[in-house]
file structure_5.txt (compact mmCIF, C-alpha atoms and all ligand atoms)
# COMPACT_ATOMS: atom_id res chain seq x y z
CA MET A 1 59.99 120.18 43.36
CA LYS A 2 59.44 123.89 43.95
CA LYS A 3 57.07 124.60 46.88
CA GLN A 4 53.81 126.28 45.88
CA ARG A 5 53.71 129.55 47.81
CA THR A 6 50.54 131.06 49.24
CA VAL A 7 50.21 134.67 48.15
CA VAL A 8 47.62 136.99 49.75
CA ILE A 9 46.79 139.92 47.47
CA THR A 10 44.36 142.59 48.66
CA GLY A 11 42.07 144.35 46.19
CA ALA A 12 42.93 141.74 43.55
CA ALA A 13 39.43 141.36 42.10
CA GLN A 14 40.39 143.87 39.38
CA GLY A 15 43.01 146.37 38.21
CA ILE A 16 46.64 146.24 39.31
CA GLY A 17 45.90 143.64 42.02
CA TYR A 18 44.36 141.25 39.50
CA SER A 19 47.33 141.66 37.20
CA ILE A 20 49.68 140.89 40.13
CA ALA A 21 47.55 137.81 40.85
CA GLU A 22 47.93 136.72 37.23
CA ALA A 23 51.72 137.11 37.43
CA PHE A 24 52.07 135.04 40.63
CA SER A 25 49.56 132.49 39.37
CA GLY A 26 51.64 132.11 36.19
CA ASN A 27 54.62 131.47 38.48
CA GLY A 28 52.77 128.46 39.98
CA ASP A 29 51.84 130.16 43.27
CA PHE A 30 48.42 129.89 44.98
CA ILE A 31 46.57 133.19 45.25
CA ALA A 32 44.22 134.27 48.06
CA ILE A 33 42.27 137.30 46.83
CA PHE A 34 41.15 139.54 49.72
CA ASP A 35 38.58 141.97 48.32
CA LEU A 36 35.55 143.88 49.53
CA ASN A 37 33.73 142.85 46.36
CA GLU A 38 33.07 139.17 47.05
CA GLU A 39 31.43 138.36 43.73
CA ALA A 40 34.28 139.90 41.75
CA ALA A 41 36.88 138.20 43.97
CA ILE A 42 35.31 134.77 43.41
CA SER A 43 35.00 135.37 39.69
CA ALA A 44 38.65 136.55 39.46
CA ALA A 45 39.79 133.47 41.39
CA GLY A 46 37.80 131.28 38.99
CA LYS A 47 39.60 132.83 36.02
CA LEU A 48 43.01 132.26 37.61
CA GLY A 49 42.36 128.64 38.63
CA ASN A 50 44.94 128.19 41.42
CA ALA A 51 43.22 130.85 43.55
CA LYS A 52 40.39 131.54 46.00
CA GLY A 53 38.38 134.70 46.65
CA TYR A 54 37.63 135.91 50.19
CA LYS A 55 35.30 138.76 51.18
CA VAL A 56 37.52 141.03 53.28
CA ASN A 57 37.36 144.64 54.38
CA VAL A 58 41.05 145.39 54.91
CA ALA A 59 40.16 148.36 57.11
CA HIS A 60 38.53 146.12 59.76
CA GLU A 61 40.73 143.95 61.95
CA GLU A 62 38.07 141.30 62.60
CA SER A 63 37.52 140.84 58.88
CA VAL A 64 41.27 140.62 58.13
CA LYS A 65 41.95 138.22 61.01
CA ALA A 66 39.07 135.91 60.07
CA ALA A 67 40.26 135.66 56.46
CA MET A 68 43.91 135.17 57.43
CA ASP A 69 42.90 132.44 59.92
CA GLN A 70 40.96 130.77 57.10
CA VAL A 71 43.96 130.91 54.76
CA MET A 72 46.17 129.46 57.52
CA ALA A 73 43.66 126.64 58.13
CA GLU A 74 43.34 125.84 54.42
CA ARG A 75 46.92 126.40 53.23
CA GLY A 76 49.02 126.02 56.38
CA THR A 77 50.86 129.33 55.95
CA VAL A 78 51.17 132.59 54.07
CA ASP A 79 54.39 133.29 52.18
CA VAL A 80 53.77 136.55 50.33
CA VAL A 81 51.50 139.52 51.05
CA VAL A 82 50.74 142.20 48.49
CA ASN A 83 49.06 145.22 50.09
CA ASN A 84 47.25 146.61 47.05
CA ALA A 85 43.67 147.56 48.02
CA GLY A 86 43.07 151.26 47.67
CA LEU A 87 40.73 153.99 46.55
CA GLN A 88 40.77 157.67 45.72
CA PHE A 89 38.65 160.64 46.82
CA ILE A 90 39.10 164.02 45.20
CA SER A 91 38.49 167.23 47.15
CA PRO A 92 40.37 170.39 48.11
CA THR A 93 41.66 169.97 51.67
CA HIS A 94 39.53 172.79 53.10
CA GLU A 95 36.38 170.96 51.94
CA PHE A 96 37.53 167.35 52.49
CA PRO A 97 34.75 165.45 54.32
CA GLU A 98 36.03 163.75 57.48
CA GLU A 99 34.34 160.44 56.68
CA LYS A 100 36.00 160.33 53.25
CA TRP A 101 39.39 161.12 54.83
CA ASP A 102 38.87 158.26 57.29
CA LEU A 103 37.80 155.88 54.52
CA VAL A 104 40.81 156.58 52.27
CA VAL A 105 43.35 156.48 55.11
CA ASP A 106 41.77 153.43 56.76
CA VAL A 107 41.69 151.32 53.58
CA ILE A 108 45.15 152.29 52.32
CA LEU A 109 47.22 152.79 55.47
CA LYS A 110 45.43 150.91 58.25
CA GLY A 111 44.59 148.11 55.79
CA THR A 112 48.29 147.70 54.98
CA PHE A 113 49.05 147.57 58.72
CA LEU A 114 46.30 145.03 59.51
CA VAL A 115 47.04 142.57 56.69
CA THR A 116 50.78 142.75 57.39
CA LYS A 117 50.23 142.34 61.14
CA HIS A 118 48.21 139.16 60.70
CA ALA A 119 50.60 137.62 58.16
CA LEU A 120 53.81 138.29 60.12
CA PRO A 121 53.50 135.60 62.85
CA ALA A 122 53.45 132.76 60.26
CA MET A 123 56.24 134.38 58.23
CA ARG A 124 58.43 134.86 61.32
CA GLU A 125 57.80 131.27 62.39
CA GLN A 126 58.85 129.83 59.02
CA LYS A 127 61.66 132.38 58.59
CA TYR A 128 60.45 133.37 55.14
CA GLY A 129 58.17 136.12 53.94
CA ARG A 130 57.78 138.71 51.21
CA ILE A 131 55.72 141.84 51.88
CA ILE A 132 55.04 144.13 48.95
CA THR A 133 53.10 147.35 49.40
CA ILE A 134 51.60 149.08 46.39
CA SER A 135 52.07 152.73 47.31
CA SER A 136 52.12 155.28 44.46
CA GLY A 137 54.16 157.95 42.74
CA HIS A 138 52.05 160.06 45.12
CA GLY A 139 53.98 158.36 47.95
CA ARG A 140 56.83 160.77 47.21
CA ARG A 141 55.20 163.52 45.15
CA PRO A 142 51.97 165.36 46.04
CA ASP A 143 49.06 166.40 43.84
CA GLN A 144 46.20 168.82 44.43
CA TYR A 145 42.84 167.60 45.82
CA LYS A 146 44.29 164.25 47.01
CA SER A 147 45.41 165.07 50.56
CA ALA A 148 44.08 161.87 52.19
CA TYR A 149 45.46 159.64 49.41
CA VAL A 150 48.87 161.34 49.36
CA ALA A 151 49.13 161.23 53.18
CA ALA A 152 48.24 157.51 53.19
CA LYS A 153 50.63 156.71 50.32
CA TYR A 154 53.58 158.48 52.04
CA GLY A 155 52.59 156.65 55.23
CA GLN A 156 52.57 153.22 53.59
CA ILE A 157 56.24 153.60 52.67
CA GLY A 158 57.28 154.55 56.21
CA PHE A 159 55.25 151.67 57.65
CA THR A 160 56.68 149.14 55.19
CA ASN A 161 60.24 150.21 56.01
CA VAL A 162 59.65 149.73 59.75
CA VAL A 163 58.37 146.20 59.00
CA ALA A 164 61.50 145.59 56.89
CA MET A 165 63.78 146.62 59.79
CA GLU A 166 61.90 144.67 62.45
CA ASN A 167 61.83 141.46 60.44
CA ALA A 168 65.10 141.43 58.50
CA LYS A 169 66.55 138.73 60.78
CA PHE A 170 63.52 136.49 60.11
CA GLY A 171 64.07 135.99 56.36
CA ILE A 172 61.37 138.56 55.60
CA THR A 173 61.75 141.41 53.13
CA ALA A 174 59.33 144.34 52.84
CA ASN A 175 59.34 146.81 49.97
CA SER A 176 57.04 149.35 48.37
CA ILE A 177 56.26 149.80 44.69
CA LEU A 178 55.36 153.31 43.54
CA PRO A 179 53.34 152.95 40.34
CA GLY A 180 52.83 155.84 37.99
CA PRO A 181 49.47 156.39 36.28
CA THR A 182 48.10 152.98 35.35
CA ARG A 183 45.13 152.07 33.17
CA THR A 184 42.49 150.99 35.77
CA ALA A 185 39.05 152.02 37.08
CA LEU A 186 40.75 154.13 39.79
CA ILE A 187 42.05 156.54 37.13
CA GLU A 188 38.97 156.39 34.90
CA LYS A 189 36.67 157.36 37.80
CA GLN A 190 38.67 160.43 38.92
CA LEU A 191 39.15 162.09 35.51
CA PRO A 192 35.69 163.70 35.22
CA VAL A 193 35.90 164.91 38.86
CA LEU A 194 39.32 166.52 38.33
CA ALA A 195 38.10 168.12 35.10
CA GLU A 196 35.11 169.60 36.92
CA LYS A 197 37.27 170.99 39.78
CA ASP A 198 39.62 172.65 37.27
CA GLY A 199 36.89 173.69 34.84
CA SER A 200 38.79 171.84 32.12
CA THR A 201 38.22 168.96 29.71
CA VAL A 202 38.86 165.35 30.71
CA GLU A 203 41.84 165.25 28.34
CA GLU A 204 43.33 168.39 29.94
CA ALA A 205 42.81 166.82 33.40
CA LEU A 206 44.54 163.62 32.21
CA ASN A 207 47.56 165.60 31.03
CA LYS A 208 47.71 167.97 34.02
CA HIS A 209 46.96 165.68 36.97
CA ILE A 210 47.61 162.15 35.76
CA LEU A 211 50.29 162.19 33.09
CA GLY A 212 51.79 165.57 34.03
CA GLY A 213 55.38 165.61 32.87
CA GLN A 214 55.65 161.81 32.89
CA TRP A 215 58.45 160.95 30.47
CA LEU A 216 56.77 158.06 28.66
CA GLY A 217 53.66 160.21 28.16
CA ARG A 218 51.23 157.29 28.44
CA LEU A 219 49.20 155.34 30.98
CA LEU A 220 51.08 152.27 32.21
CA GLU A 221 49.57 148.79 31.89
CA PRO A 222 48.83 146.87 35.14
CA SER A 223 51.14 144.07 33.94
CA GLU A 224 54.07 146.54 34.02
CA ILE A 225 53.52 146.96 37.78
CA ALA A 226 52.93 143.23 38.33
CA ALA A 227 56.32 142.31 36.84
CA THR A 228 58.12 144.28 39.58
CA ALA A 229 55.99 142.69 42.32
CA LEU A 230 56.88 139.22 41.04
CA PHE A 231 60.57 140.17 40.94
CA LEU A 232 60.53 141.48 44.53
CA ALA A 233 59.19 138.10 45.67
CA SER A 234 61.74 136.14 43.62
CA ASP A 235 65.09 134.63 44.63
CA GLY A 236 66.75 137.44 42.67
CA ALA A 237 65.59 139.99 45.25
CA THR A 238 66.64 138.40 48.56
CA ALA A 239 68.81 141.42 49.52
CA ILE A 240 66.30 144.09 48.54
CA THR A 241 64.41 145.31 51.61
CA GLY A 242 63.13 148.62 52.92
CA GLU A 243 63.13 150.08 49.40
CA ALA A 244 60.55 152.20 47.61
CA ILE A 245 60.82 151.37 43.93
CA GLY A 246 59.26 153.67 41.35
CA VAL A 247 57.56 152.11 38.31
CA THR A 248 56.43 155.47 37.07
CA GLY A 249 57.29 155.82 33.41
CA GLY A 250 59.69 158.59 34.46
CA GLU A 251 58.81 161.69 36.47
N1 LIG A 301 45.77 153.09 38.84
C1 LIG A 301 46.78 153.91 39.10
O1 LIG A 301 47.13 154.79 38.30
C2 LIG A 301 47.57 153.76 40.37
C3 LIG A 301 48.76 154.51 40.47
C4 LIG A 301 49.51 154.39 41.65
C5 LIG A 301 49.08 153.55 42.66
N2 LIG A 301 47.92 152.85 42.52
C6 LIG A 301 47.52 151.98 43.62
O2 LIG A 301 47.37 150.65 43.17
C7 LIG A 301 46.40 149.98 43.98
C8 LIG A 301 45.36 149.32 43.09
O3 LIG A 301 44.72 150.35 42.35
P1 LIG A 301 43.84 150.07 41.03
O4 LIG A 301 44.11 151.22 40.14
O5 LIG A 301 44.04 148.69 40.54
O6 LIG A 301 42.38 150.28 41.66
P2 LIG A 301 40.96 149.59 41.35
O7 LIG A 301 39.96 150.58 41.80
O8 LIG A 301 40.90 149.11 39.93
O9 LIG A 301 40.95 148.32 42.31
C9 LIG A 301 40.94 148.45 43.71
C10 LIG A 301 40.45 147.16 44.34
O10 LIG A 301 40.51 147.33 45.78
C11 LIG A 301 39.31 146.80 46.33
N3 LIG A 301 39.01 147.43 47.62
C12 LIG A 301 38.64 148.72 47.85
N4 LIG A 301 38.41 148.91 49.16
C13 LIG A 301 38.66 147.74 49.78
C14 LIG A 301 38.63 147.30 51.15
N5 LIG A 301 38.24 148.12 52.14
N6 LIG A 301 38.99 146.02 51.43
C15 LIG A 301 39.35 145.17 50.43
N7 LIG A 301 39.39 145.52 49.13
C16 LIG A 301 39.05 146.80 48.81
C17 LIG A 301 38.24 147.10 45.27
O11 LIG A 301 37.07 146.29 45.45
C18 LIG A 301 39.00 146.80 43.98
O12 LIG A 301 38.91 145.43 43.63
C19 LIG A 301 45.82 151.04 44.93
O13 LIG A 301 46.46 150.98 46.19
C20 LIG A 301 46.17 152.34 44.23
O14 LIG A 301 46.25 153.41 45.11
C21 LIG A 301 47.15 152.92 41.39

call {"tool": "encode", "arguments": {"input": "structure_5.txt", "output": "structure tokens", "more": "lines below"}}
Ligand SMILES: NC(=O)c1ccc[n+]([C@@H]2O[C@H](COP(=O)([O-])OP(=O)(O)OC[C@H]3O[C@@H](n4cnc5c(N)ncnc54)[C@H](O)[C@@H]3O)[C@@H](O)[C@H]2O)c1
result
Amino acid sequence: MKKQRTVVITGAAQGIGYSIAEAFSGNGDFIAIFDLNEEAAISAAGKLGNAKGYKVNVAHEESVKAAMDQVMAERGTVDVVVNNAGLQFISPTHEFPEEKWDLVVDVILKGTFLVTKHALPAMREQKYGRIITISSGHGRRPDQYKSAYVAAKYGQIGFTNVVAMENAKFGITANSILPGPTRTALIEKQLPVLAEKDGSTVEEALNKHILGGQWLGRLLEPSEIAATALFLASDGATAITGEAIGVTGGE
């Protein structure tokens, strides 16, 4: 019988993370949802069935360690980590508030470090692990007003590749996925702000900042990102490590 893996997914109460949780859950895995929004995490876990929601702030080591210890106590190990939690803040660099810079970089980049750090000992011990970091098309291509986000997204890829090198001999792979514009709250919330900065309509902001010259010319669905995450954790991907894979719709 196939072993049921334990999959920690950050920010999986909604959006791309929830869709990734659905994909792994459909594969028979057990999902631990680490999300700041406890109520939404518990409700998402209830919908999935083979899942549990944990209140976690990925930017705080104590919070991450406590949740990971709980998963270890309840499940015995952690097999897959998906570093997905993230947020956006829009501002020209010369006006970017320091506390917003810290928030964006801490959640995206430090959060990826902390969750990976606390999953690695169990993975190294069992000589199996899959680490998947949800970076962004903005991990290799900048955009105006998103300096903290772009810096953190580039950084996630470098970090994930170091983890891939350090742990290759321990049966652990680490890869990044670079999604293009995907239909979630993260996009919906930034459109009016971008439009205001440019003095344009929301539709013009969607085309200029979000879709740009994207070849498909449409927002991607979260399930289109989730399919690649599931593949990277499958037996078909055992030799793929230290890669940054675009799921962008063409750019
Ligand atoms: N939507 C897109 O177009 C797009 C494109 C490229 C990359 N991404 C990336 O995909 C990931 C998911 O984005 P989404 O669009 O689903 O966003 P979303 O806003 O729909 O969901 C983000 C989730 O992260 C959680 N979260 C935020 N801060 C947290 C913290 N400190 N600790 C734990 N959880 C926290 C939120 O509660 C929420 O459940 C992000 O890393 C984002 O940068 C999104």

call {"tool": "residues_around", "arguments": {"input": "structure_5.txt", "residues": "region 105-119 of chain A", "least_positions_apart": "2", "cutoff": "9 Å", "atoms": "all atoms listed in the file", "output": "MDAnalysis selection string"}}
result
chainID A and resid 8 10 57:61 64:65 68:69 77:87 100:103 121:124 129 131 133 135 148:149 151:153 155:156 159:160 163

call {"tool": "closest_residue", "arguments": {"input": "structure_5.txt", "among": "A:Leu178, A:Ile31, A:Ala239, A:Ala67", "to": "ligand LIG 301 (chain A)", "atoms": "all atoms listed in the file"}}
result
A:Leu178

call {"tool": "residues_near_point", "arguments": {"input": "structure_5.txt", "point": "(51.3, 170.6, 42.3)", "cutoff": "12 Å", "atoms": "all atoms listed in the file", "output": "mmCIF file with C-alpha atoms, in the coordinates of the input"}}
result
data_model
loop_
_atom_site.group_PDB
_atom_site.id
_atom_site.type_symbol
_atom_site.label_atom_id
_atom_site.label_comp_id
_atom_site.auth_asym_id
_atom_site.auth_seq_id
_atom_site.Cartn_x
_atom_site.Cartn_y
_atom_site.Cartn_z
ATOM 1 C CA HIS A 138 52.050 160.060 45.120
ATOM 2 C CA ARG A 141 55.200 163.520 45.150
ATOM 3 C CA PRO A 142 51.970 165.360 46.040
ATOM 4 C CA ASP A 143 49.060 166.400 43.840
ATOM 5 C CA GLN A 144 46.200 168.820 44.430
ATOM 6 C CA TYR A 145 42.840 167.600 45.820
ATOM 7 C CA LYS A 146 44.290 164.250 47.010
ATOM 8 C CA SER A 147 45.410 165.070 50.560
ATOM 9 C CA VAL A 150 48.870 161.340 49.360
ATOM 10 C CA LYS A 208 47.710 167.970 34.020
ATOM 11 C CA HIS A 209 46.960 165.680 36.970
ATOM 12 C CA ILE A 210 47.610 162.150 35.760
ATOM 13 C CA GLY A 212 51.790 165.570 34.030
ATOM 14 C CA GLY A 213 55.380 165.610 32.870
#

call {"tool": "closest_residue", "arguments": {"input": "structure_5.txt", "among": "A:Glu204, A:Glu95, A:Glu221, A:Asp29", "to": "ligand LIG 301 (chain A)", "atoms": "all atoms listed in the file"}}
result
A:Glu221

call {"tool": "residues_around", "arguments": {"input": "structure_5.txt", "residues": "Ala13 (chain A)", "least_positions_apart": "6", "cutoff": "6 Å", "atoms": "all atoms listed in the file", "output": "PyMOL selection string"}}
result
chain A and resi 40-41+44

call {"tool": "atom_distance", "arguments": {"input": "structure_5.txt", "atom1": "CA of Lys189 (chain A)", "atom2": "CA of Phe24 (chain A)"}}
result
27.3 Å
